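Enquirer: Have a look at the structure that comes next, please.
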Amino acid sequence: GGVSAAIRGARRRYPALPIEIEVEDLDELREALAAGPDWIMLDNMPPPLMRECVAVAGGRCRLEASGGINLSMISEIAETGVDAVSLGCLTHSAPSVDLSLEIVEE
């Protein structure tokens, strides 16, 4: 059953929630598309493969690019035709700041 069974099971259990599934290659993409999720996350794919996934999906569901993407790549990723881009670098690579909060009574 794999991907298809997981999507069908999620739809039965949570019919009101959108379903997103992560894929790593074209075979997984095709299997996911057959099951009809709302979103498919393209994980750690180079832009040429993302572009191919967009063509294969043909608008049947929304596609999100994720994994290893940084701000310098946004234009190139957007040009593939994906619907959304996830950037983990915004949180896991953000610099910290030393901040204190002092309350002064007058």
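Going by the structure tokens order, chains are called A, B, ..., each with residues numbered from 1, while ligands are numbered from 1 in the order shown.
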As a PyMOL selection string, which residues of stretch 35-95 of chain A does DSSP assign to strand (DSSP E or B)?
Expert: chain A and resi 39-43+62-66+84-85
Enquirer: Find the spatial neighbours of stretch 12-26 of chain A, counting only C-alpha atoms, within a cut-off of 10 Å - ignore same-chain residues fewer than 5 positions away - and output them as a list in words.
Expert: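 Returned residues: Val3, Ala6, Ile7, Glu31, Ala32, Leu33, Gly36, Pro37, Asp38, Trp39, Ile40, Met41, Leu42, Asp43, Asn44, Met45, Leu49, Met50, Glu52, Cys53, Val56, Ala57, Cys61, Arg62, Leu63, Glu64, Ala65 and Ser66 of chain A.
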Enquirer: Give me, please, the distance in Å between atom CA of A:Ala5 and atom CA of A:Arg30, quoted to one decimal.
Expert: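 Pair atom CA of A:Ala5 / atom CA of A:Arg30 returns 13.8 Å.
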Enquirer: Just give me the gap between atom CA of A:Pro95 and atom CA of A:Ser72 in Å, one decimal is fine.
Expert: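 Atom-to-atom, atom CA of A:Pro95 and atom CA of A:Ser72 are spaced 17.3 Å apart.
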Enquirer: Can you tell me, as an mmCIF file with all heavy atoms, in the first residue's frame, what residues are no more than 9 Å from A:Arg51 when counting only C-alpha atoms, ignoring any on the same chain fewer than 5 positions away?
Expert:
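Wrote part.cif, looks like this:
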data_model
loop_
_atom_site.group_PDB
_atom_site.id
_atom_site.type_symbol
_atom_site.label_atom_id
_atom_site.label_comp_id
_atom_site.auth_asym_id
_atom_site.auth_seq_id
_atom_site.Cartn_x
_atom_site.Cartn_y
_atom_site.Cartn_z
ATOM 1 N N PRO A 46 16.965 18.679 -6.850
ATOM 2 C CA PRO A 46 17.570 19.770 -7.615
ATOM 3 C C PRO A 46 16.502 20.410 -8.517
ATOM 4 O O PRO A 46 15.521 19.761 -8.893
ATOM 5 C CB PRO A 46 18.649 19.080 -8.431
ATOM 6 C CG PRO A 46 18.197 17.661 -8.542
ATOM 7 C CD PRO A 46 17.427 17.364 -7.283
ATOM 8 N N VAL A 56 4.962 16.601 -14.571
ATOM 9 C CA VAL A 56 4.262 15.336 -14.332
ATOM 10 C C VAL A 56 2.974 15.578 -13.541
ATOM 11 O O VAL A 56 1.930 14.993 -13.840
ATOM 12 C CB VAL A 56 5.179 14.324 -13.601
ATOM 13 C CG1 VAL A 56 4.386 13.117 -13.107
ATOM 14 C CG2 VAL A 56 6.310 13.882 -14.516
ATOM 15 N N ILE A 77 14.377 28.292 -7.695
ATOM 16 C CA ILE A 77 13.344 27.346 -7.274
ATOM 17 C C ILE A 77 11.974 27.823 -7.761
ATOM 18 O O ILE A 77 11.179 27.040 -8.282
ATOM 19 C CB ILE A 77 13.339 27.178 -5.740
ATOM 20 C CG1 ILE A 77 14.682 26.652 -5.232
ATOM 21 C CG2 ILE A 77 12.186 26.285 -5.299
ATOM 22 C CD1 ILE A 77 15.080 25.288 -5.682
ATOM 23 N N GLU A 79 11.238 29.544 -10.326
ATOM 24 C CA GLU A 79 11.139 29.371 -11.777
ATOM 25 C C GLU A 79 10.794 27.941 -12.199
ATOM 26 O O GLU A 79 10.406 27.712 -13.340
ATOM 27 C CB GLU A 79 12.443 29.816 -12.440
ATOM 28 C CG GLU A 79 12.640 31.312 -12.387
ATOM 29 C CD GLU A 79 14.024 31.753 -12.838
ATOM 30 O OE1 GLU A 79 14.859 30.884 -13.190
ATOM 31 O OE2 GLU A 79 14.272 32.967 -12.824
ATOM 32 N N THR A 80 10.868 26.976 -11.272
ATOM 33 C CA THR A 80 10.509 25.590 -11.613
ATOM 34 C C THR A 80 9.004 25.428 -11.747
ATOM 35 O O THR A 80 8.548 24.467 -12.352
ATOM 36 C CB THR A 80 11.020 24.591 -10.552
ATOM 37 O OG1 THR A 80 10.311 24.793 -9.329
ATOM 38 C CG2 THR A 80 12.518 24.709 -10.352
ATOM 39 N N GLY A 81 8.235 26.338 -11.136
ATOM 40 C CA GLY A 81 6.784 26.250 -11.204
ATOM 41 C C GLY A 81 6.121 25.688 -9.961
ATOM 42 O O GLY A 81 4.903 25.517 -9.947
ATOM 43 N N VAL A 82 6.897 25.394 -8.911
ATOM 44 C CA VAL A 82 6.288 24.909 -7.670
ATOM 45 C C VAL A 82 5.378 25.985 -7.089
ATOM 46 O O VAL A 82 5.527 27.174 -7.386
ATOM 47 C CB VAL A 82 7.351 24.472 -6.633
ATOM 48 C CG1 VAL A 82 8.154 23.285 -7.130
ATOM 49 C CG2 VAL A 82 8.264 25.621 -6.241
#
Enquirer: From a backbone DSSP assignment, name each residue in chain A labelled helix (DSSP H, G or I), as an MDAnalysis selection string.
Expert: chainID A and resid 2:13 26:35 47:57 71:78 89:92
